[in-house]
Each structure stands twice: as structure tokens, then as C-alpha cells.
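K.L.:
There's a structure below that I have some questions on.
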Amino acid sequence: MSIAIITLLAPFFAWAALDLETVFPAIPGTEQVITGRAKLPDIIRFVVNWTIIIAALATVFSLIYAGVQYLTSIGRPNALAAAKSRIGKCLLGLLIIASSYLVLQTINPQLTIMTIKRQQVGSGIVLFTQAGLYGNGGIDKCYAAPDPSSASQDCVHNANIVDCVNPHGVFGFNTLDSDTLENLIKDGAARLLGYDMPNLFSEFGDIAKENTAGTTVNFSKFPIFAIGFWGSENTQGGSLVTNAKILAYPDTKYSTAVGAPSAVEYSIKGKTGADGTENERNASGGANNGRHSCKAIAASEAGTLDMKIVHIHDDFAANFNSDVTYYDETLLVHNQNSSPPQPKREKKAHPPLSIKVQGKGSGVILYSKTTGGSHSFAASSEDLNLSNVKFDNLAEEIEIRNTEPKKGKVHDYLVILHSGYYYTGDLRIFFARDDLKSIFIPKIYLATIFGGFAYPNMEEIDFNTEYLLGDDAHYCGDPSSAKRPPDCSVGEPVRESLDTNNMGDYFFNLETIDKYSAGALPASIELQGANPYSSKAPINVQDRLGRLKDGDKASSIEIFELVRPDWQGDANSALQVLSKQSVVCREVRLCTGKNFLNDCLVFVPDHVDYLYDKFNSPSRYNSVVLPMPYMVPVNIPKKMNNALIKVQRDDGTVEMERKDIEFSDSIKSIYIDGDCAVVLFENSVKDIRKCGDYCQYTRENIPETPEECDACWDGGPGSHSEVFTESVGDLTQHPISECGGHERFGFGDRKNCASAFAIFPIKKSGE
């Protein structure tokens, strides 16, 4: 009993005791790693899984002991009986453990999911200490670095063993007995470089003398020695690395000290000289101060990554020789001295005191005008406060780069910024406008004429009311039109032919969304010319794609590869036909019951083949089928009058019937077929048409009249909004259900508050 109580209470004590970035033991072979920002459900799953594993191991060992006891108890009846009893109890224990796992799996499968973890880091930039690059852990010293004047392009270290400035007892990454990069980072001999550092003192500690000669000083906690680059255009994030520029400054806050040279530029090619090349001499034969990077030893861990290395330590005397505050004692003494002397300020050869990471390749860049820093992303990050990011609540502007130098457009990024960690809180969506095509949306989602198909802002949809807005598009079964379509009560009618005058009974004519009101970032063509758009946009602006409140500067970021619908026809015409070959998001279903039951809203591509089968699918009972809106948030209908649905009677017969259904704030499960990113918003879109007509953007990517953009949302998208890429059978345990209280007088499930949604076709990672 006591064990059961401890097991139940353990998650709560564990949650309270978690340190910010403490990583707790992972369950072997799984990706369930618990850090200080883990949520309570993750902690519970972690404790439950470990409890089952430990109990199973204890039972197995007890069973082995009982077997040995049984074999050695011949002739001793009491011992034999005790052994048999222990064996029986062990078998019973295994049965209980297996049963508990099955019960948990039945109640909530998420409690027992253990996914195999396998991550491959395809690219990156890393800072090394001398020990991290050339350490010889066997004697706690370092190999001598290559001579900087050597013409060799290989980073083959000298065979001599020398004292190095941070002997951590590690084997260098560029040695034959090299340690892994993960271990070197843990030992403080390497550091991933993925963000701007305005003050390296705060990152790497005080500065002291590297040796007794005292001509060069370095950081006490991390004596900088070299930069390593790895990755290619074909690896994830490789473009950011191959096109990155590391700007090293001789003073903090990206400034240059009085009388000191300007920032030094490093790249995967090496140190950039005065003429913009990595050559040691310029075209006229004069000194250029550039230097090529060198290649890592092929048989080393660095060589397996095809790493290129630049020894920035070689530039301390020439490029970072200025007044600096340091301690007049060696690093080894300083790190062990609890009472260091008073610091001095003199001219010394020292490491850079601030670093910027810039890039020309594709990716997503967040900028902070407050600090002057930036951070580049090629993949999602759930916590911008982690040590390899450190850009939490700093972003004020965003830039999306979909193009590569000499390659043109190679990406189409969809970016979602969240105000909270782990993709929670208020959100705002960003993507680049298309150079050629507008955004189209079925007219049903924008109808505002009284007596039309839909009431303003999708408050209601009336399927008995004729939908005529200057076209002949009708919902299947609509009886009010003079051109009445076939009666759906007998099942799915025969497909109608398609032409420009009659879009067919399953099509809704499309309405163009002004791409300058979509809040998207400029298209590549708009960044060129005599009067180009700004490539950056502020993140704290409300528009149809969401909002981050003033003061919320993003704590997590989701990045997807967008797959735009391919509309065939005149680019400026509403008579568009969706290319079936471009369909990657095949169905999104929002249901009022768990596990995709009860009444469902089903959204399928606006193509005749998908709409034609809307009632034939076995899963389409109690479902209202509508054409899929792409890339624009629309409201979930509060009420659907006389919705035409297929029902199955108790005797097994199937019929079509009309039914009034309420969907908004009642969604309990979401089904996703295909590659889709579906955003469920807590709040509704305030005025869909007014937002589109009046929330226009300037060439600086800010609203012309911000007050008009306030019409886009009823209080912003909501802090409980959530993004889904996979089906979820029970939304009651998700943030989207944390804002509406509980059903059945406070004792039932948590109420869902999904009031609007947006659908984005995406390309899954690895495709």
C-alpha cells in the first residue's frame, strides 16, 4: 500500500524538485527524457514507466532467487515450501505488472508510449577549447596545434605534447582517439555556437593569463581556441552553416575597442581577409590577412563529419589586441584560487568578447532590436531558453529566407511562434507570399449576405438557404435552388461535369484573399527592385494569422515545410480547380466526441474526386462534409441548421437526414489524414471580411491602420491555441481544453474552447 501511495505522489514531488535544465535518467531505448520544463503529464508517464520497469526487474531477480532456493532445498520441506511460495508470488507479480500495463494502455495509451529515439545532427557550428580539439586524455595534456603558417590544408596536429589551457582529461575531437562531441560538450571542452553572444564574460567567465609569460589571456571557464563547421547543402540546417558568417568583436556588445581593429569574419572557408577572400595575399600580392580553414583528420570524429576548422586563437595578437580586464595569474591557478588578486586592465592579446552569427542561406532568423542580436533556425525549438539557443523572450522581428545563393527558391517555410514553452500560449503564423498566385478560399467561409449560405463569421450555416453570390455553386442536397442538384437522400449522386459556367454540385466557387492582408512576409520578387519590401517583419502585430501580445517575444518556435495548393486557372480568377497531384492533406475531421465519434465536421480538398466521395466513406456517419480552407483562419460554426448527414439506424439501415448541430467550443477529437498542420484557436475571428479588406500592410510589413487589424480576432487567438500534425482521440487533456471549465456541473470532462481553425498542407520531416 505504501509503495502505491509513493508511486502516486512521486510525480508531484518530482515536478516540484526539477531544476531548470536538469536532464533526468532516460528510459532505456526511448525518447522520454525529462527536463526541468517538463509538464506534469510527462512526469507522470516518466514515473509510471520507470515504476513498471523497476518492478519487472525486481520480480525477475526474485524469481531467479526463488529458483535457486528451490534447487537447493531438496530434503528440507519447509525451505521447499517457501521456494514454491516465492515462485508463485513472483509469477503473480509479473501477472499484476502485465495487467497494470494493459489497464494503463486501455485508459490512456499516452502513458505507456515509448518511442525509439534516434537523432542525427546533420550540421552545426561549434567552439572548441584546445583540449576539446587536440586533447590527449591519457596524460591530461594536449597535442600541439598545426603551425598557422603551414601551407597544408589538413588540420594534422603536431606530435609534440604540450601543456594546454584547459586540461579536462579529454581526448580531442580532431585526434585518432577522439571523444564524441556530446561528451566534449558535457566536459566543457566544446560549445555549440548557434546564437549571438553580446557578452562572452557572462558565457565563459573571467579572463586570466594562459601561461606564466602572460602575453595572451583567455576565459577561465572556456578558453576559446577554434571554431568547427560541419554540414552541407543536403543536410538539415546545412545551408545555414555553409553560408554562415561568424563576426568576432574585440569588445562586448558587438563593438570595437578604441584603437582596435573592426570585427573579424570567419566562415566555413576560413578567416575572411580585407578583400573579402580567405587568401593570405590579395590579387596585387600584398598581405591580405585571410586564411583558409583546414580539414579535420579523416580518421577522427571530426573527420567523420567532414569538419572544417578555423584556429581563431592564431588571431588573438593581430585582431584582438586591446585593453581588457584580466586577472594576473594563470588560468590553472585562477580556477583553483578562492581569493584571486584584484583584476588589471591592460593591453593584451585576448579572445573576442562578443560574437554574432549571421547567414545568407535559407532558414528562419529572429532578431532582437534591444540587444542587437539574432538567431537562425532550420528546425523547431520547443524552448528558446535552452543553453544551445538562449533567445527566450528576445525576438522582436522575423525574417524567412526560402532561397539559396545561386539556387533560387529551395524552401517554403511555415513558421509558428508561441509565447510559451513547448509550443503553448498565444501564437502568430508566418509564411512568405507567393510570387505569382493569390490565396483562395471557398466562398462559404466568407459569405456575409443575409439569407446566404452562411451567416457572418460562420456563426451559423443554413443548408436550407440558397447559396447564390453571383455563381451557381450549391451544397449537395440543397433543395432551394432553381437548378436543384440530385437528391442526396438516396446516397451520393452521380458526378456532374465541370465547366466555367457551372462549377458542379460539389464545388464552391473560390474567393481571392488579398495576399497583402494575409500578414505573410514578402515574396522574393517583392524584395527586389527600386522600392523593395523589407525582408523583416515585427512579431508583435495582430492580423488574420494571429498575434503575440506586447511583451511576449516568443519562447518556442515551430518550423514546417509548406506545400501550397496548386490551383489551375487564371491566377486572379475565382474559377480555380485544385490540382489533385498537389494534395498532401487529404482530410481533417473535428468531432464532438472522443475517438472521432458523435457529430463531425469533415474538411476535404476542394476537388471533385474528394467531394464526390463525401458520403461513401465508411467513416462519414454523422458527418458534415465541407471543402477545405487553406492557409487562412476561419471560424468553427457555432450552429449548423439542417445539416445533411448519413446515419445508421439500430436495424442497420442507412439513411440521409437533416440535423441541427453545434460545433464551436465542443470539439473533443481531431483526425488528420495526410500531411497537415492544423491550428485550433481558442478565440474566434472577429470579422473575417473586415480583417481581409482593411488590415493591409506597408512595405515595412506593418499594418497601415493597426486599429483595423484589431478586427481580426476577438481578443487575439488565445493563449490555449494549439497546433496538431497527428490525430488525437482525446483533446480533453490538451491546452485547447484548459480554458472552458468542466462539463456536468464541474465533474465531467474539461470543456473544449476551439472556436476557429486553420489548415496548412506541409511536407513531413525526411520527405
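Going by the C-alpha cells order, chains are called A, B, ..., each with residues numbered from 1, while ligands are numbered from 1 in the order shown.
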Which of segment 114-279 of chain A counts as strand (DSSP E) under DSSP, as an MDAnalysis selection string please?
P.N.:
chainID A and resid 124:128 135:136 141:144 158:162 190:192 207:209 217:219 226:230 244:249 264:267 270:271
K.L.:
Let me see the file: selected residues, C-alpha atoms, as an mmCIF file, in the first residue's frame.
P.N.:
data_model
loop_
_atom_site.group_PDB
_atom_site.id
_atom_site.type_symbol
_atom_site.label_atom_id
_atom_site.label_comp_id
_atom_site.auth_asym_id
_atom_site.auth_seq_id
_atom_site.Cartn_x
_atom_site.Cartn_y
_atom_site.Cartn_z
ATOM 1 C CA GLY A 124 26.362 22.753 -36.863
ATOM 2 C CA ILE A 125 28.965 25.221 -35.664
ATOM 3 C CA VAL A 126 30.957 24.550 -32.521
ATOM 4 C CA LEU A 127 33.526 26.390 -30.415
ATOM 5 C CA PHE A 128 36.462 24.339 -29.126
ATOM 6 C CA GLY A 135 43.464 16.972 -26.067
ATOM 7 C CA ASN A 136 45.299 13.831 -25.046
ATOM 8 C CA LYS A 141 47.658 17.405 -21.835
ATOM 9 C CA CYS A 142 47.248 18.413 -25.483
ATOM 10 C CA TYR A 143 48.871 17.761 -28.817
ATOM 11 C CA ALA A 144 50.440 20.847 -30.324
ATOM 12 C CA ASN A 158 51.922 18.245 -34.104
ATOM 13 C CA ALA A 159 53.112 15.101 -32.372
ATOM 14 C CA ASN A 160 54.553 17.141 -29.503
ATOM 15 C CA ILE A 161 52.722 17.045 -26.180
ATOM 16 C CA VAL A 162 52.253 20.451 -24.581
ATOM 17 C CA ALA A 190 33.272 22.247 -26.676
ATOM 18 C CA ARG A 191 30.260 24.505 -27.063
ATOM 19 C CA LEU A 192 27.654 24.615 -29.826
ATOM 20 C CA ILE A 207 39.815 36.287 -18.106
ATOM 21 C CA ALA A 208 43.257 35.274 -16.846
ATOM 22 C CA LYS A 209 46.720 34.541 -18.296
ATOM 23 C CA VAL A 217 44.843 35.923 -21.838
ATOM 24 C CA ASN A 218 41.744 33.789 -22.194
ATOM 25 C CA PHE A 219 38.486 32.868 -20.491
ATOM 26 C CA ALA A 226 38.976 27.235 -32.572
ATOM 27 C CA ILE A 227 35.675 27.107 -34.499
ATOM 28 C CA GLY A 228 34.486 23.968 -36.270
ATOM 29 C CA PHE A 229 31.918 23.911 -39.100
ATOM 30 C CA TRP A 230 30.204 20.798 -40.404
ATOM 31 C CA ALA A 244 27.070 31.415 -42.058
ATOM 32 C CA LYS A 245 29.372 34.252 -41.071
ATOM 33 C CA ILE A 246 30.796 34.404 -37.549
ATOM 34 C CA LEU A 247 31.579 38.005 -36.631
ATOM 35 C CA ALA A 248 34.002 38.197 -33.702
ATOM 36 C CA TYR A 249 34.341 41.563 -31.937
ATOM 37 C CA VAL A 264 36.832 39.664 -37.734
ATOM 38 C CA GLU A 265 34.756 37.476 -40.055
ATOM 39 C CA TYR A 266 35.001 33.684 -40.072
ATOM 40 C CA SER A 267 33.163 31.143 -42.222
ATOM 41 C CA GLY A 270 38.221 30.260 -43.148
ATOM 42 C CA LYS A 271 39.121 33.748 -41.947
#
K.L.:
Got a sec: who's within 10 Å of Glu210 of chain A, counting only C-alpha atoms, leaving out chain neighbours fewer than 2 positions off, as a list in words?
P.N.:
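Returned residues: Cys164, Val165, Asn166, Ile207, Ala208, Thr212, Ala213, Gly214, Thr215, Thr216, Val217, Asn218, Phe219, Ser220, Pro223, Glu329, Thr330, Leu331, Leu332 and His350 of chain A.
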K.L.:
For Val632 of chain A, which of A:Val679, A:Val602, A:Leu597, A:Ile559 is the closest residue, counting only C-alpha atoms?
P.N.:
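Ranked by minimum distance to Val632 of chain A, first place goes to A:Val679.
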K.L.:
So, counting only C-alpha atoms, which residue among A:Phe225, A:Phe204, A:Tyr70, A:Tyr621 is closest to Ala131 of chain A?
P.N.:
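The shortest atom-to-atom distance to Ala131 of chain A comes from A:Phe225.
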K.L.:
Have a look at A:Leu240, A:Leu527, A:Val410, A:Leu417 and name the one nearest to Gln358 of chain A; count only C-alpha atoms.
P.N.:
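For Gln358 of chain A, the nearest of the candidates is A:Leu240.
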K.L.:
Would you kindly return, as a PDB file with C-alpha atoms, in the first residue's frame, each protein, DNA or RNA residue with an atom no farther than 6 Å from any atom of segment 726-730 of chain A, considering only C-alpha atoms and excluding same-chain residues fewer than 3 positions away?
P.N.:
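Now in part23.pdb:
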ATOM      1  CA  LYS A 594     -13.743  11.361 -28.180  1.00  0.00           C
ATOM      2  CA  ASN A 595     -12.086   8.936 -30.590  1.00  0.00           C
ATOM      3  CA  LYS A 668     -13.167  16.633 -28.371  1.00  0.00           C
ATOM      4  CA  SER A 669     -11.069  14.860 -31.007  1.00  0.00           C
ATOM      5  CA  ILE A 670      -9.255  15.665 -34.227  1.00  0.00           C
ATOM      6  CA  TYR A 671      -8.492  13.252 -37.046  1.00  0.00           C
ATOM      7  CA  ILE A 672      -5.799  14.088 -39.609  1.00  0.00           C
TER       8      ILE A 672
END
K.L.:
Please measure the separation of atom CA of Glu682 of chain A and atom CA of Ile441 of chain A, giving the value in Å to one decimal.
P.N.:
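Separating atom CA of Glu682 of chain A from atom CA of Ile441 of chain A is a distance of 21.6 Å.
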K.L.:
When distances are computed from only C-alpha atoms, which of A:Ile429, A:Val541, A:Cys709, A:Ala66 shows the smallest separation from Glu722 of chain A?
P.N.:
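Smallest distance to Glu722 of chain A is found for A:Ile429.
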K.L.:
When you look at Glu278 of chain A with a cut-off of 12 Å (counting only C-alpha atoms), what residues show up, excluding the ones that are within fewer than 3 positions of it in the same chain? I need them as a list in words.
P.N.:
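The neighbour list is Val264, Glu265, Tyr266, Ser267, Ile268, Lys269, Gly270, Lys271, Thr272, Gly273, Ala274, Asp275, Arg281, Asn282, Ala283, Ala287, Asn288, Asn289, Gly290, Arg291, His292, Ser293, Cys294 and Val310 of chain A.
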K.L.:
Restricting the output to N, CA, C and O atoms, write the selected residues as a compact mmCIF listing (two decimals), in the first residue's frame.
P.N.:
# COMPACT_ATOMS: atom_id res chain seq x y z
N VAL A 264 36.19 40.64 -36.88
CA VAL A 264 36.83 39.66 -37.73
C VAL A 264 35.77 38.67 -38.20
O VAL A 264 34.95 38.21 -37.40
N GLU A 265 35.77 38.36 -39.48
CA GLU A 265 34.76 37.48 -40.06
C GLU A 265 35.34 36.09 -40.32
O GLU A 265 36.40 35.96 -40.94
N TYR A 266 34.61 35.07 -39.84
CA TYR A 266 35.00 33.68 -40.07
C TYR A 266 33.84 32.96 -40.76
O TYR A 266 32.67 33.28 -40.55
N SER A 267 34.18 31.96 -41.55
CA SER A 267 33.16 31.14 -42.22
C SER A 267 33.72 29.74 -42.39
O SER A 267 34.85 29.45 -41.98
N ILE A 268 32.95 28.88 -43.00
CA ILE A 268 33.41 27.51 -43.22
C ILE A 268 34.63 27.48 -44.13
O ILE A 268 35.41 26.53 -44.12
N LYS A 269 34.83 28.56 -44.89
CA LYS A 269 36.00 28.65 -45.78
C LYS A 269 37.25 29.10 -45.03
O LYS A 269 38.36 28.88 -45.50
N GLY A 270 37.07 29.79 -43.91
CA GLY A 270 38.22 30.26 -43.15
C GLY A 270 38.04 31.67 -42.64
O GLY A 270 36.91 32.18 -42.51
N LYS A 271 39.14 32.35 -42.39
CA LYS A 271 39.12 33.75 -41.95
C LYS A 271 39.09 34.65 -43.18
O LYS A 271 39.91 34.52 -44.08
N THR A 272 38.13 35.58 -43.19
CA THR A 272 37.97 36.47 -44.33
C THR A 272 38.94 37.63 -44.22
O THR A 272 39.00 38.31 -43.19
N GLY A 273 39.71 37.87 -45.29
CA GLY A 273 40.67 38.95 -45.30
C GLY A 273 40.07 40.27 -45.73
O GLY A 273 38.84 40.40 -45.92
N ALA A 274 40.91 41.26 -45.91
CA ALA A 274 40.45 42.61 -46.22
C ALA A 274 39.75 42.70 -47.57
O ALA A 274 38.88 43.56 -47.78
N ASP A 275 40.10 41.82 -48.51
CA ASP A 275 39.46 41.88 -49.83
C ASP A 275 38.27 40.94 -49.94
O ASP A 275 37.75 40.71 -51.02
N ARG A 281 47.09 36.49 -49.33
CA ARG A 281 47.55 37.67 -50.04
C ARG A 281 46.47 38.09 -51.02
O ARG A 281 45.70 37.28 -51.52
N ASN A 282 46.37 39.38 -51.30
CA ASN A 282 45.36 39.86 -52.24
C ASN A 282 45.87 39.75 -53.67
O ASN A 282 46.99 39.28 -53.92
N ALA A 283 45.03 40.18 -54.59
CA ALA A 283 45.35 39.99 -56.01
C ALA A 283 46.64 40.69 -56.42
O ALA A 283 47.36 40.25 -57.32
N ALA A 287 49.82 41.73 -48.48
CA ALA A 287 49.25 40.95 -47.38
C ALA A 287 47.75 41.19 -47.29
O ALA A 287 47.27 42.31 -47.44
N ASN A 288 47.00 40.13 -47.05
CA ASN A 288 45.54 40.22 -47.01
C ASN A 288 44.97 39.82 -45.66
O ASN A 288 43.84 40.14 -45.35
N ASN A 289 45.73 39.10 -44.85
CA ASN A 289 45.31 38.69 -43.51
C ASN A 289 44.19 37.66 -43.52
O ASN A 289 43.54 37.43 -42.52
N GLY A 290 43.91 37.06 -44.69
CA GLY A 290 42.93 35.99 -44.74
C GLY A 290 43.59 34.64 -44.50
O GLY A 290 44.82 34.51 -44.50
N ARG A 291 42.79 33.61 -44.28
CA ARG A 291 43.36 32.28 -44.02
C ARG A 291 42.30 31.23 -44.30
O ARG A 291 41.17 31.33 -43.85
N HIS A 292 42.69 30.22 -45.05
CA HIS A 292 41.75 29.14 -45.34
C HIS A 292 41.54 28.27 -44.10
O HIS A 292 42.45 28.10 -43.28
N SER A 293 40.36 27.70 -43.99
CA SER A 293 40.12 26.70 -42.95
C SER A 293 40.87 25.43 -43.31
O SER A 293 41.27 25.23 -44.46
N CYS A 294 41.06 24.56 -42.35
CA CYS A 294 41.73 23.30 -42.61
C CYS A 294 40.76 22.14 -42.37
O CYS A 294 39.78 22.27 -41.64
N VAL A 310 38.78 26.40 -38.07
CA VAL A 310 39.49 27.67 -38.13
C VAL A 310 40.05 27.96 -36.74
O VAL A 310 39.29 28.02 -35.76
K.L.:
Mind checking which residues fall within 7 Å of Ile398 of chain A, counting only C-alpha atoms, ignoring those fewer than 2 positions away in the same chain, and posting them as an MDAnalysis selection string?
P.N.:
chainID A and resid 365:367 400 536:539
K.L.:
Set the distance at 8 Å and use only C-alpha atoms: which residues neighbour Cys600 of chain A once local chain neighbours fewer than 6 positions away are removed? I'd like the list as JSON, numbers by chain.
P.N.:
{"A": [589, 590, 591, 592, 622, 623, 624]}
K.L.:
If you keep N, CA and C atoms, can you produce a file of those selected residues as a PDB file, in the first residue's frame?
P.N.:
ATOM      1  N   ARG A 589     -10.744  16.099 -39.654  1.00  0.00           N
ATOM      2  CA  ARG A 589     -12.056  15.847 -39.071  1.00  0.00           C
ATOM      3  C   ARG A 589     -12.087  16.372 -37.632  1.00  0.00           C
ATOM      4  N   LEU A 590     -13.037  17.220 -37.321  1.00  0.00           N
ATOM      5  CA  LEU A 590     -13.233  17.746 -35.973  1.00  0.00           C
ATOM      6  C   LEU A 590     -14.520  17.156 -35.425  1.00  0.00           C
ATOM      7  N   CYS A 591     -14.433  16.427 -34.317  1.00  0.00           N
ATOM      8  CA  CYS A 591     -15.587  15.678 -33.812  1.00  0.00           C
ATOM      9  C   CYS A 591     -15.955  16.122 -32.400  1.00  0.00           C
ATOM     10  N   THR A 592     -17.232  16.045 -32.094  1.00  0.00           N
ATOM     11  CA  THR A 592     -17.732  16.459 -30.780  1.00  0.00           C
ATOM     12  C   THR A 592     -17.627  15.351 -29.739  1.00  0.00           C
ATOM     13  N   ASN A 622     -22.722  10.539 -39.474  1.00  0.00           N
ATOM     14  CA  ASN A 622     -22.899  11.707 -38.599  1.00  0.00           C
ATOM     15  C   ASN A 622     -21.877  12.805 -38.898  1.00  0.00           C
ATOM     16  N   SER A 623     -21.578  12.985 -40.171  1.00  0.00           N
ATOM     17  CA  SER A 623     -20.558  13.949 -40.573  1.00  0.00           C
ATOM     18  C   SER A 623     -21.117  14.966 -41.556  1.00  0.00           C
ATOM     19  N   VAL A 624     -20.676  16.214 -41.380  1.00  0.00           N
ATOM     20  CA  VAL A 624     -20.952  17.269 -42.342  1.00  0.00           C
ATOM     21  C   VAL A 624     -19.662  17.516 -43.108  1.00  0.00           C
TER      22      VAL A 624
END
K.L.:
Hey, can you check how far atom CA of Ile759 of chain A sits from atom CA of Cys676 of chain A?
P.N.:
6.7 Å
K.L.:
I'd like to know which residues of segment 292-416 of chain A are helix (DSSP H, G or I) (by DSSP, run on the backbone); could you write them as a PyMOL selection string?
P.N.:
chain A and resi 301-304+312-319+331-336
K.L.:
Residues within 8 Å of Gly132 of chain A, please, as number ranges by chain. Count only C-alpha atoms; anything in the same chain fewer than 4 positions from it doesn't count.
P.N.:
A: 128, 170-173, 184, 189-190
